[in-house]
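Student: Have a peek at entry03.json (JSON, C-alpha atoms).
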[["chain", "number", "residue", "atom", "x", "y", "z"],
["W", 1, "MET", "CA", -52.25, 14.06, -9.76],
["W", 2, "SER", "CA", -54.99, 12.46, -7.71],
["W", 3, "LEU", "CA", -54.73, 8.68, -7.53],
["W", 4, "PRO", "CA", -57.26, 6.28, -5.98],
["W", 5, "SER", "CA", -56.36, 5.25, -2.43],
["W", 6, "HIS", "CA", -57.75, 1.76, -2.99],
["W", 7, "VAL", "CA", -57.90, -0.41, -6.11],
["W", 8, "LYS", "CA", -60.12, -3.45, -6.66],
["W", 9, "LEU", "CA", -58.74, -6.23, -8.83],
["W", 10, "VAL", "CA", -60.98, -8.74, -10.57],
["W", 11, "GLU", "CA", -58.98, -11.94, -10.94],
["W", 12, "VAL", "CA", -59.76, -13.47, -14.35],
["W", 13, "GLY", "CA", -57.06, -16.19, -14.38],
["W", 14, "PRO", "CA", -59.33, -19.18, -13.71],
["W", 15, "ARG", "CA", -61.61, -18.28, -16.64],
["W", 16, "ASP", "CA", -60.00, -15.90, -19.14],
["W", 17, "GLY", "CA", -56.54, -17.16, -18.25],
["W", 18, "LEU", "CA", -57.14, -20.89, -18.63],
["W", 19, "GLN", "CA", -59.80, -21.06, -21.34],
["W", 20, "ASN", "CA", -57.33, -21.35, -24.23],
["W", 21, "GLU", "CA", -54.91, -23.81, -22.62],
["W", 22, "LYS", "CA", -54.39, -26.80, -24.89],
["W", 23, "GLN", "CA", -53.76, -29.27, -22.06],
["W", 24, "THR", "CA", -56.72, -30.19, -19.89],
["W", 25, "VAL", "CA", -56.68, -28.51, -16.51],
["W", 26, "PRO", "CA", -58.67, -30.75, -14.13],
["W", 27, "ALA", "CA", -61.50, -29.24, -12.09],
["W", 28, "ALA", "CA", -59.58, -29.99, -8.87],
["W", 29, "VAL", "CA", -56.68, -27.78, -10.04],
["W", 30, "LYS", "CA", -59.04, -24.94, -10.98],
["W", 31, "ILE", "CA", -60.77, -25.19, -7.60],
["W", 32, "GLU", "CA", -57.42, -25.15, -5.79],
["W", 33, "LEU", "CA", -56.39, -22.09, -7.81],
["W", 34, "VAL", "CA", -59.57, -20.25, -6.77],
["W", 35, "HIS", "CA", -58.95, -21.23, -3.13],
["W", 36, "ARG", "CA", -55.39, -19.92, -3.30],
["W", 37, "LEU", "CA", -56.53, -16.68, -4.90],
["W", 38, "GLN", "CA", -59.16, -15.98, -2.28],
["W", 39, "ALA", "CA", -56.63, -16.88, 0.45],
["W", 40, "ALA", "CA", -54.40, -14.17, -1.05],
["W", 41, "GLY", "CA", -57.16, -11.62, -0.50],
["W", 42, "LEU", "CA", -58.85, -11.48, -3.91],
["W", 43, "LYS", "CA", -62.50, -10.48, -3.45],
["W", 44, "GLU", "CA", -63.62, -10.72, -7.09],
["W", 45, "ILE", "CA", -62.88, -13.94, -9.00],
["W", 46, "GLU", "CA", -64.05, -14.82, -12.50],
["W", 47, "VAL", "CA", -64.30, -18.57, -12.12],
["W", 48, "THR", "CA", -65.51, -20.12, -15.36],
["W", 49, "SER", "CA", -67.76, -19.69, -18.38],
["W", 50, "PHE", "CA", -70.97, -21.43, -19.34],
["W", 51, "VAL", "CA", -70.24, -21.82, -23.04],
["W", 52, "SER", "CA", -70.65, -24.83, -25.27],
["W", 53, "PRO", "CA", -67.83, -27.33, -24.54],
["W", 54, "LYS", "CA", -67.67, -27.81, -28.30],
["W", 55, "TRP", "CA", -66.28, -24.27, -28.60],
["W", 56, "VAL", "CA", -64.36, -24.02, -25.32],
["W", 57, "PRO", "CA", -63.63, -27.57, -24.09],
["W", 58, "GLN", "CA", -61.48, -26.26, -21.23],
["W", 59, "MET", "CA", -64.61, -24.83, -19.54],
["W", 60, "GLY", "CA", -66.69, -28.01, -19.88],
["W", 61, "ASP", "CA", -66.35, -28.65, -16.14],
["W", 62, "ASN", "CA", -67.97, -25.31, -15.22],
["W", 63, "ALA", "CA", -70.70, -26.72, -12.93],
["W", 64, "GLU", "CA", -68.23, -29.05, -11.19],
["W", 65, "VAL", "CA", -65.81, -26.18, -10.52],
["W", 66, "MET", "CA", -68.53, -23.87, -9.18],
["W", 67, "ALA", "CA", -69.88, -26.66, -6.95],
["W", 68, "GLY", "CA", -66.40, -27.50, -5.63],
["W", 69, "ILE", "CA", -65.45, -24.03, -4.41],
["W", 70, "SER", "CA", -65.54, -23.31, -0.69],
["W", 71, "ARG", "CA", -67.14, -19.89, -0.88],
["W", 72, "GLN", "CA", -65.90, -17.19, 1.42],
["W", 73, "PRO", "CA", -68.12, -14.36, 2.65],
["W", 74, "GLY", "CA", -67.25, -11.09, 0.97],
["W", 75, "VAL", "CA", -65.92, -12.77, -2.19],
["W", 76, "ARG", "CA", -67.89, -12.39, -5.44],
["W", 77, "TYR", "CA", -67.75, -15.29, -7.87],
["W", 78, "SER", "CA", -68.55, -14.42, -11.49],
["W", 79, "VAL", "CA", -69.07, -16.48, -14.64],
["W", 80, "LEU", "CA", -69.20, -15.64, -18.34],
["W", 81, "THR", "CA", -72.53, -16.37, -20.05],
["W", 82, "PRO", "CA", -72.70, -16.01, -23.85],
["W", 83, "ASN", "CA", -76.46, -16.58, -24.23],
["W", 84, "LEU", "CA", -79.69, -17.43, -22.41],
["W", 85, "LYS", "CA", -78.96, -21.16, -22.47],
["W", 86, "GLY", "CA", -75.58, -20.49, -20.83],
["W", 87, "PHE", "CA", -77.20, -18.20, -18.28],
["W", 88, "GLU", "CA", -79.82, -20.81, -17.34],
["W", 89, "ALA", "CA", -77.07, -23.40, -16.80],
["W", 90, "ALA", "CA", -75.02, -20.87, -14.81],
["W", 91, "LEU", "CA", -77.99, -19.99, -12.60],
["W", 92, "LEU", "CA", -77.92, -23.47, -11.06],
["W", 93, "SER", "CA", -74.40, -22.78, -9.78],
["W", 94, "ARG", "CA", -75.45, -19.55, -7.99],
["W", 95, "PRO", "CA", -72.98, -17.00, -9.40],
["W", 96, "ASP", "CA", -72.83, -13.57, -7.72],
["W", 97, "GLU", "CA", -72.26, -11.88, -11.05],
["W", 98, "ILE", "CA", -72.42, -12.71, -14.74],
["W", 99, "VAL", "CA", -70.31, -11.32, -17.54],
["W", 100, "VAL", "CA", -71.58, -10.63, -21.04],
["W", 101, "PHE", "CA", -69.28, -9.52, -23.83],
["W", 102, "ALA", "CA", -69.27, -7.63, -27.10],
["W", 103, "ALA", "CA", -66.61, -6.13, -29.34],
["W", 104, "ALA", "CA", -66.11, -2.53, -30.39],
["W", 105, "SER", "CA", -64.99, -3.92, -33.78],
["W", 106, "GLU", "CA", -67.55, -5.18, -36.31],
["W", 107, "ALA", "CA", -65.01, -7.48, -37.96],
["W", 108, "PHE", "CA", -64.01, -9.03, -34.62],
["W", 109, "SER", "CA", -67.66, -9.52, -33.70],
["W", 110, "GLN", "CA", -68.33, -11.33, -36.97],
["W", 111, "LYS", "CA", -65.23, -13.55, -36.70],
["W", 112, "ASN", "CA", -65.66, -14.27, -32.99],
["W", 113, "ILE", "CA", -69.42, -14.80, -32.62],
["W", 114, "ASN", "CA", -70.73, -14.63, -36.22],
["W", 115, "CYS", "CA", -72.94, -11.59, -35.82],
["W", 116, "SER", "CA", -72.83, -7.80, -35.83],
["W", 117, "ILE", "CA", -72.28, -5.72, -32.69],
["W", 118, "ALA", "CA", -75.95, -4.69, -32.65],
["W", 119, "GLU", "CA", -77.06, -8.34, -33.05],
["W", 120, "SER", "CA", -74.75, -9.45, -30.23],
["W", 121, "ILE", "CA", -76.35, -6.86, -27.92],
["W", 122, "GLU", "CA", -79.83, -8.07, -28.94],
["W", 123, "ARG", "CA", -78.80, -11.60, -27.95],
["W", 124, "PHE", "CA", -77.63, -10.38, -24.56],
["W", 125, "ALA", "CA", -80.68, -8.27, -23.74],
["W", 126, "PRO", "CA", -82.75, -11.23, -22.41],
["W", 127, "VAL", "CA", -79.71, -12.56, -20.51],
["W", 128, "VAL", "CA", -79.21, -9.23, -18.76],
["W", 129, "ALA", "CA", -82.93, -8.94, -18.00],
["W", 130, "ALA", "CA", -83.04, -12.47, -16.55],
["W", 131, "ALA", "CA", -79.93, -11.90, -14.44],
["W", 132, "ARG", "CA", -81.16, -8.64, -13.00],
["W", 133, "ALA", "CA", -84.57, -10.15, -12.28],
["W", 134, "ALA", "CA", -82.72, -12.86, -10.32],
["W", 135, "GLY", "CA", -80.75, -10.22, -8.40],
["W", 136, "ILE", "CA", -77.47, -11.07, -10.12],
["W", 137, "PHE", "CA", -75.07, -8.24, -10.95],
["W", 138, "VAL", "CA", -74.22, -7.83, -14.66],
["W", 139, "ARG", "CA", -70.80, -6.81, -15.90],
["W", 140, "GLY", "CA", -70.05, -6.20, -19.56],
["W", 141, "ALA", "CA", -66.71, -6.84, -21.23],
["W", 142, "MET", "CA", -66.05, -4.53, -24.19],
["W", 143, "SER", "CA", -63.34, -6.19, -26.26],
["W", 144, "CYS", "CA", -61.06, -4.65, -28.88],
["W", 145, "THR", "CA", -61.61, -1.09, -27.61],
["W", 146, "VAL", "CA", -58.29, 0.24, -28.93],
["W", 147, "GLY", "CA", -57.25, -2.22, -31.61],
["W", 148, "CYS", "CA", -58.52, -5.19, -33.60],
["W", 149, "PRO", "CA", -56.53, -7.92, -35.40],
["W", 150, "TYR", "CA", -58.71, -7.39, -38.50],
["W", 151, "GLU", "CA", -59.54, -3.66, -38.51],
["W", 152, "GLY", "CA", -56.50, -2.13, -36.84],
["W", 153, "ASP", "CA", -57.12, 0.98, -34.72],
["W", 154, "ILE", "CA", -60.60, 1.38, -33.25],
["W", 155, "ALA", "CA", -62.05, 4.88, -33.11],
["W", 156, "PRO", "CA", -63.28, 6.11, -29.69],
["W", 157, "GLU", "CA", -66.70, 6.69, -31.29],
["W", 158, "ARG", "CA", -67.03, 2.92, -31.75],
["W", 159, "VAL", "CA", -66.32, 2.43, -28.04],
["W", 160, "ALA", "CA", -68.91, 5.06, -27.10],
["W", 161, "TYR", "CA", -71.41, 3.34, -29.41],
["W", 162, "LEU", "CA", -70.86, -0.02, -27.71],
["W", 163, "ALA", "CA", -70.96, 1.46, -24.20],
["W", 164, "GLY", "CA", -74.27, 3.11, -25.07],
["W", 165, "LEU", "CA", -75.72, -0.18, -26.32],
["W", 166, "MET", "CA", -74.59, -1.95, -23.14],
["W", 167, "LYS", "CA", -76.11, 0.76, -20.97],
["W", 168, "GLY", "CA", -79.31, 0.48, -22.98],
["W", 169, "ILE", "CA", -79.84, -3.21, -22.13],
["W", 170, "GLY", "CA", -79.10, -2.72, -18.43],
["W", 171, "VAL", "CA", -75.44, -3.76, -18.09],
["W", 172, "GLN", "CA", -74.33, -2.27, -14.75],
["W", 173, "HIS", "CA", -70.55, -2.12, -15.16],
["W", 174, "VAL", "CA", -68.27, -2.26, -18.19],
["W", 175, "GLY", "CA", -64.65, -3.22, -18.69],
["W", 176, "VAL", "CA", -62.63, -1.41, -21.35],
["W", 177, "ALA", "CA", -60.54, -4.23, -22.80],
["W", 178, "ASP", "CA", -57.42, -4.09, -24.94],
["W", 179, "THR", "CA", -57.94, -7.68, -26.05],
["W", 180, "ILE", "CA", -54.84, -7.97, -28.23],
["W", 181, "GLY", "CA", -52.57, -5.73, -26.19],
["W", 182, "VAL", "CA", -51.81, -3.13, -28.88],
["W", 183, "GLY", "CA", -52.99, -0.15, -26.85],
["W", 184, "THR", "CA", -50.77, 2.68, -25.67],
["W", 185, "PRO", "CA", -51.72, 5.15, -22.90],
["W", 186, "LEU", "CA", -53.32, 7.93, -24.96],
["W", 187, "LYS", "CA", -55.36, 5.48, -27.04],
["W", 188, "VAL", "CA", -56.54, 3.81, -23.85],
["W", 189, "GLN", "CA", -57.36, 7.19, -22.31],
["W", 190, "ARG", "CA", -59.55, 8.04, -25.32],
["W", 191, "ALA", "CA", -61.34, 4.68, -25.11],
["W", 192, "VAL", "CA", -62.05, 5.22, -21.40],
["W", 193, "GLU", "CA", -63.21, 8.80, -22.04],
["W", 194, "ALA", "CA", -65.60, 7.48, -24.69],
["W", 195, "THR", "CA", -66.97, 4.94, -22.18],
["W", 196, "LEU", "CA", -67.44, 7.67, -19.56],
["W", 197, "ARG", "CA", -70.00, 9.31, -21.84],
["W", 198, "HIS", "CA", -72.36, 6.53, -20.74],
["W", 199, "TYR", "CA", -70.98, 5.15, -17.47],
["W", 200, "ASP", "CA", -69.86, 6.67, -14.19],
["W", 201, "ILE", "CA", -66.15, 6.32, -13.32],
["W", 202, "ASN", "CA", -67.16, 3.88, -10.54],
["W", 203, "ASP", "CA", -68.76, 1.58, -13.10],
["W", 204, "VAL", "CA", -65.77, 1.31, -15.44],
["W", 205, "SER", "CA", -62.74, -0.98, -15.24],
["W", 206, "GLY", "CA", -59.63, -1.60, -17.33],
["W", 207, "HIS", "CA", -58.68, -4.97, -18.87],
["W", 208, "PHE", "CA", -55.25, -4.94, -20.50],
["W", 209, "HIS", "CA", -53.20, -7.57, -22.29],
["W", 210, "ASP", "CA", -49.44, -7.23, -22.30],
["W", 211, "THR", "CA", -48.56, -8.31, -25.84],
["W", 212, "TYR", "CA", -46.45, -5.19, -26.49],
["W", 213, "GLY", "CA", -45.45, -4.60, -22.87],
["W", 214, "GLN", "CA", -47.87, -1.68, -22.46],
["W", 215, "ALA", "CA", -50.30, -3.07, -19.87],
["W", 216, "LEU", "CA", -48.80, -1.40, -16.77],
["W", 217, "ALA", "CA", -48.48, 1.95, -18.57],
["W", 218, "ASN", "CA", -52.12, 1.62, -19.67],
["W", 219, "THR", "CA", -53.13, 0.78, -16.10],
["W", 220, "LEU", "CA", -51.28, 3.85, -14.83],
["W", 221, "ILE", "CA", -53.01, 6.27, -17.19],
["W", 222, "CYS", "CA", -56.37, 4.86, -16.06],
["W", 223, "LEU", "CA", -55.40, 5.32, -12.40],
["W", 224, "GLN", "CA", -54.58, 8.94, -13.19],
["W", 225, "MET", "CA", -58.08, 9.30, -14.69],
["W", 226, "GLY", "CA", -59.63, 7.95, -11.49],
["W", 227, "VAL", "CA", -60.33, 4.38, -12.63],
["W", 228, "TRP", "CA", -59.94, 2.12, -9.59],
["W", 229, "GLN", "CA", -61.02, -1.31, -10.88],
["W", 230, "PHE", "CA", -58.99, -3.59, -13.13],
["W", 231, "ASP", "CA", -59.10, -7.16, -14.45],
["W", 232, "THR", "CA", -55.83, -9.01, -13.96],
["W", 233, "SER", "CA", -54.71, -12.61, -14.38],
["W", 234, "VAL", "CA", -52.47, -14.51, -11.99],
["W", 235, "ALA", "CA", -49.12, -15.49, -13.56],
["W", 236, "GLY", "CA", -50.14, -13.50, -16.67],
["W", 237, "LEU", "CA", -52.26, -16.41, -17.91],
["W", 238, "GLY", "CA", -54.37, -16.06, -21.02],
["W", 239, "GLY", "CA", -54.33, -14.78, -24.56],
["W", 240, "CYS", "CA", -56.74, -14.31, -27.41],
["W", 241, "PRO", "CA", -57.34, -17.24, -29.79],
["W", 242, "TYR", "CA", -58.36, -14.86, -32.57],
["W", 243, "ALA", "CA", -55.28, -12.63, -32.41],
["W", 244, "LYS", "CA", -52.00, -14.06, -33.59],
["W", 245, "GLY", "CA", -49.19, -13.51, -31.11],
["W", 246, "ALA", "CA", -51.42, -11.94, -28.44],
["W", 247, "THR", "CA", -50.05, -12.84, -25.04],
["W", 248, "GLY", "CA", -51.79, -13.07, -21.73],
["W", 249, "ASN", "CA", -53.56, -10.58, -19.55],
["W", 250, "VAL", "CA", -51.46, -8.32, -17.40],
["W", 251, "ALA", "CA", -50.18, -10.37, -14.47],
["W", 252, "SER", "CA", -51.98, -9.79, -11.17],
["W", 253, "GLU", "CA", -48.64, -9.92, -9.34],
["W", 254, "ASP", "CA", -47.15, -7.14, -11.51],
["W", 255, "VAL", "CA", -50.14, -4.85, -10.96],
["W", 256, "VAL", "CA", -50.17, -5.49, -7.20],
["W", 257, "TYR", "CA", -46.41, -4.84, -7.01],
["W", 258, "MET", "CA", -46.87, -1.53, -8.84],
["W", 259, "LEU", "CA", -49.89, -0.45, -6.79],
["W", 260, "HIS", "CA", -48.27, -1.30, -3.45],
["W", 261, "GLY", "CA", -45.16, 0.55, -4.56],
["W", 262, "MET", "CA", -47.36, 3.61, -5.18],
["W", 263, "GLY", "CA", -48.94, 3.35, -1.73],
["W", 264, "ILE", "CA", -52.28, 2.18, -3.13],
["W", 265, "ASP", "CA", -54.14, -0.40, -1.05],
["W", 266, "THR", "CA", -55.43, -3.60, -2.70],
["W", 267, "GLY", "CA", -56.15, -5.84, 0.29],
["W", 268, "ILE", "CA", -54.01, -8.50, -1.43],
["W", 269, "ASP", "CA", -51.12, -10.44, 0.10],
["W", 270, "LEU", "CA", -48.48, -10.35, -2.66],
["W", 271, "ASP", "CA", -46.55, -13.34, -1.29],
["W", 272, "LYS", "CA", -49.65, -15.54, -1.29],
["W", 273, "LEU", "CA", -50.57, -14.28, -4.76],
["W", 274, "ILE", "CA", -47.11, -15.27, -6.01],
["W", 275, "ASP", "CA", -47.64, -18.72, -4.47],
["W", 276, "ALA", "CA", -50.92, -19.06, -6.40],
["W", 277, "GLY", "CA", -49.16, -18.03, -9.62],
["W", 278, "GLN", "CA", -46.36, -20.52, -9.00],
["W", 279, "PHE", "CA", -48.90, -23.27, -8.28],
["W", 280, "ILE", "CA", -50.69, -22.91, -11.63],
["W", 281, "SER", "CA", -47.44, -22.32, -13.57],
["W", 282, "ASP", "CA", -45.95, -25.50, -12.10],
["W", 283, "PHE", "CA", -49.06, -27.42, -13.12],
["W", 284, "LEU", "CA", -48.86, -26.04, -16.67],
["W", 285, "GLY", "CA", -45.16, -26.90, -16.77],
["W", 286, "ARG", "CA", -43.85, -23.47, -17.65],
["W", 287, "PRO", "CA", -42.46, -20.41, -15.88],
["W", 288, "THR", "CA", -44.81, -17.67, -14.70],
["W", 289, "ASN", "CA", -45.39, -14.76, -17.09],
["W", 290, "SER", "CA", -45.30, -12.36, -14.15],
["W", 291, "ARG", "CA", -42.07, -10.40, -13.93],
["W", 292, "ALA", "CA", -42.61, -9.39, -10.31],
["W", 293, "GLY", "CA", -43.66, -12.95, -9.51],
["W", 294, "LYS", "CA", -40.53, -14.38, -11.10],
["W", 295, "ALA", "CA", -38.19, -11.85, -9.42],
["W", 296, "LEU", "CA", -39.69, -12.22, -5.96],
["W", 297, "TRP", "CA", -39.94, -16.02, -6.21],
["W", 298, "THR", "CA", -36.27, -16.23, -7.25],
["W", 299, "ARG", "CA", -35.25, -13.95, -4.41],
["W", 300, "ARG", "CA", -37.20, -16.14, -2.01],
["W", 301, "GLN", "CA", -35.41, -19.29, -3.22],
["W", 302, "GLY", "CA", -32.02, -17.60, -2.69]]
Would you encode the structure as structure tokens?
Tutor:
Amino acid sequence: MSLPSHVKLVEVGPRDGLQNEKQTVPAAVKIELVHRLQAAGLKEIEVTSFVSPKWVPQMGDNAEVMAGISRQPGVRYSVLTPNLKGFEAALLSRPDEIVVFAAASEAFSQKNINCSIAESIERFAPVVAAARAAGIFVRGAMSCTVGCPYEGDIAPERVAYLAGLMKGIGVQHVGVADTIGVGTPLKVQRAVEATLRHYDINDVSGHFHDTYGQALANTLICLQMGVWQFDTSVAGLGGCPYAKGATGNVASEDVVYMLHGMGIDTGIDLDKLIDAGQFISDFLGRPTNSRAGKALWTRRQG
């Protein structure tokens, strides 16, 4: 079994993790969270999204947050852009990378963004072209690659279809996302294999939610396939507003604990990462969703 010697984590807590929070999280708290994450050694941080505040009020302070960050050299700051209008607004805040998204499920695409998969890709084509012309890296998030709240299981062929469409419009890297956390290792393996028909292993990452407690197992099978990039969320923040009962992304602390325990380098200081998770959990007024974070924090208090 050949495992990667180094793994890159993309921290999605500030954007994907906080976007569905009911209580308002002030820009100052989001900025402080980003600062704590980069102090912990995170080199890839998904900061915010440039979507209509009517749809995602929590991200209405996107420009303020991007302007307030003390940028560190070597750290890439990414933002989600759903359309050209969002991209043009994002451009003013100088992101290093933009994220576009589409679902491998037709039903999810219709319910989430009111159009078919093919139509969603057509909408993103000018965004991708504009970003690449501006020298901005483009990452694609492929949601519902193993299961959908409306369709159930998603066939690998649907994932390959979506990956091919993303490749066709110039998306440089894709994340294979188990948006509702129903995936198990072999299903995830098949989804990744389908993606690899169109993308190199170095241009594919895993994005797993932990609804059924499978996220670490799904991460492990990807590591065994040679995948070395993963999206994670500090304190296990996040969820999916369209999937009943879907819990947050896999906790960054849990993934780092596992990787370090396997002798895999991440460049991340686990203690500082736990502090960042505790900071945002304290603000939200609830315990962290990270098991490793909770265990190590409790041990520290003792």
Student: Hey, which of W:Ser290, W:Gln214, W:Ser93, W:Ser281 ends up closest to Tyr257 (chain W)? Count only C-alpha atoms.
Tutor: W:Ser290
Student: Which residues are near Gln189 (chain W)? Cut-off 10 Å, all atoms listed in the file, ignore same chain within fewer than 6 positions. Put them as a list in words.
Tutor: Val146, Pro156, Gly183, Thr195, Asn218, Thr219, Ile221, Cys222, Gln224 and Met225 of chain W
Student: List the spatial neighbours of region 47-64 of chain W as number ranges by chain - criterion: any atom at most 7 Å away, all atoms listed in the file, same-chain residues fewer than 4 positions off excluded.
Tutor: W: 14-15, 19, 24, 27, 68, 77-82, 86, 89-90, 93
Student: What's the separation between CA of Glu157 (chain W) and CA of His198 (chain W), in Å to one decimal place?
Tutor: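 Computing the Euclidean distance for CA of Glu157 (chain W) and CA of His198 (chain W) yields 12.0 Å.
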Student: Quick one, how far is CA of Ala292 (chain W) from CA of Ala235 (chain W)?
Tutor: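 Going from CA of Ala292 (chain W) over to CA of Ala235 (chain W), I get 9.5 Å.
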Student: Grab the CA of Val176 (chain W) to CA of Ala163 (chain W) distance for me, in Å with one decimal place.
Tutor: 9.3 Å
Student: Between W:Pro149, W:Pro126, W:Gly248, W:Pro73, which has the minimum distance to Ser109 (chain W) (counting only C-alpha atoms)?
Tutor: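 Closest candidate: W:Pro149.
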Student: Using all atoms listed in the file, which residues sit within 7 Å of region 131-142 of chain W once same-chain residues fewer than 3 positions away are excluded, as a compact mmCIF listing (two decimals) with C-alpha atoms, in the coordinates of the input?
Tutor:
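Heads up, here's the output in out-v5.txt:
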# COMPACT_ATOMS: atom_id res chain seq x y z
CA ASP W 96 -72.83 -13.57 -7.72
CA GLU W 97 -72.26 -11.88 -11.05
CA ILE W 98 -72.42 -12.71 -14.74
CA VAL W 99 -70.31 -11.32 -17.54
CA VAL W 100 -71.58 -10.63 -21.04
CA PHE W 101 -69.28 -9.52 -23.83
CA ALA W 102 -69.27 -7.63 -27.10
CA ALA W 103 -66.61 -6.13 -29.34
CA ALA W 104 -66.11 -2.53 -30.39
CA VAL W 127 -79.71 -12.56 -20.51
CA VAL W 128 -79.21 -9.23 -18.76
CA THR W 145 -61.61 -1.09 -27.61
CA VAL W 171 -75.44 -3.76 -18.09
CA GLN W 172 -74.33 -2.27 -14.75
CA HIS W 173 -70.55 -2.12 -15.16
CA VAL W 174 -68.27 -2.26 -18.19
CA GLY W 175 -64.65 -3.22 -18.69
CA VAL W 176 -62.63 -1.41 -21.35
CA ALA W 177 -60.54 -4.23 -22.80
Student: Have a look at W:Val234, W:Leu33, W:Met66, W:Ile264 and name the one nearest to Gly293 (chain W); count all atoms listed in the file.
Tutor: W:Val234
Student: Given only C-alpha atoms as the basis, pick out the residue of W:Thr266, W:Val227, W:Leu296, W:Asn289 nearest to Thr211 (chain W).
Tutor: W:Asn289
Student: When distances are computed from only C-alpha atoms, which of W:Val204, W:Ser233, W:Gly261, W:Trp228 shows the smallest separation from Leu3 (chain W)?
Tutor: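 For Leu3 (chain W), the nearest of the given residues is W:Trp228.
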Student: Is it possible to get the residues within 12 Å of (-52.4, -22.3, -11.6) (coordinates as in the file, counting only C-alpha atoms) written as a ChimeraX atom specification?
Tutor: /W:12-15,17-18,21,25-37,233-238,273-289
Student: Using C-alpha atoms, can you export the residues from the last selection as a compact mmCIF listing (two decimals), keeping the file's coordinate frame?
Tutor:
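Contents of the output file result_20.txt:
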# COMPACT_ATOMS: atom_id res chain seq x y z
CA VAL W 12 -59.76 -13.47 -14.35
CA GLY W 13 -57.06 -16.19 -14.38
CA PRO W 14 -59.33 -19.18 -13.71
CA ARG W 15 -61.61 -18.28 -16.64
CA GLY W 17 -56.54 -17.16 -18.25
CA LEU W 18 -57.14 -20.89 -18.63
CA GLU W 21 -54.91 -23.81 -22.62
CA VAL W 25 -56.68 -28.51 -16.51
CA PRO W 26 -58.67 -30.75 -14.13
CA ALA W 27 -61.50 -29.24 -12.09
CA ALA W 28 -59.58 -29.99 -8.87
CA VAL W 29 -56.68 -27.78 -10.04
CA LYS W 30 -59.04 -24.94 -10.98
CA ILE W 31 -60.77 -25.19 -7.60
CA GLU W 32 -57.42 -25.15 -5.79
CA LEU W 33 -56.39 -22.09 -7.81
CA VAL W 34 -59.57 -20.25 -6.77
CA HIS W 35 -58.95 -21.23 -3.13
CA ARG W 36 -55.39 -19.92 -3.30
CA LEU W 37 -56.53 -16.68 -4.90
CA SER W 233 -54.71 -12.61 -14.38
CA VAL W 234 -52.47 -14.51 -11.99
CA ALA W 235 -49.12 -15.49 -13.56
CA GLY W 236 -50.14 -13.50 -16.67
CA LEU W 237 -52.26 -16.41 -17.91
CA GLY W 238 -54.37 -16.06 -21.02
CA LEU W 273 -50.57 -14.28 -4.76
CA ILE W 274 -47.11 -15.27 -6.01
CA ASP W 275 -47.64 -18.72 -4.47
CA ALA W 276 -50.92 -19.06 -6.40
CA GLY W 277 -49.16 -18.03 -9.62
CA GLN W 278 -46.36 -20.52 -9.00
CA PHE W 279 -48.90 -23.27 -8.28
CA ILE W 280 -50.69 -22.91 -11.63
CA SER W 281 -47.44 -22.32 -13.57
CA ASP W 282 -45.95 -25.50 -12.10
CA PHE W 283 -49.06 -27.42 -13.12
CA LEU W 284 -48.86 -26.04 -16.67
CA GLY W 285 -45.16 -26.90 -16.77
CA ARG W 286 -43.85 -23.47 -17.65
CA PRO W 287 -42.46 -20.41 -15.88
CA THR W 288 -44.81 -17.67 -14.70
CA ASN W 289 -45.39 -14.76 -17.09
Student: For a quick check of understanding, using all atoms listed in the file, which of W:Leu165, W:Asn83, W:Pro95, W:Arg300 has the smallest distance to Arg71 (chain W)?
Tutor: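 Of W:Leu165, W:Asn83, W:Pro95, W:Arg300, the one nearest Arg71 (chain W), counting all atoms listed in the file, is W:Pro95.
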Student: Around all the atoms of region 51-61 of chain W listed in the file, draw an axis-aligned box and extend it by 4 Å on each of the six sides; I want its centre and edge lengths in Å to one decimal, as lines of an AutoDock Vina configuration file.
Tutor:
center_x = -66.1
center_y = -25.2
center_z = -22.4
size_x = 17.2
size_y = 14.8
size_z = 20.5
Student: Fewer than 2 positions away in the same chain doesn't count, so skip those; otherwise give me all residues within 8 Å of Lys43 (chain W), counting all atoms listed in the file, as a PyMOL selection string.
Tutor: chain W and resi 9-10+38+41+45+74-76
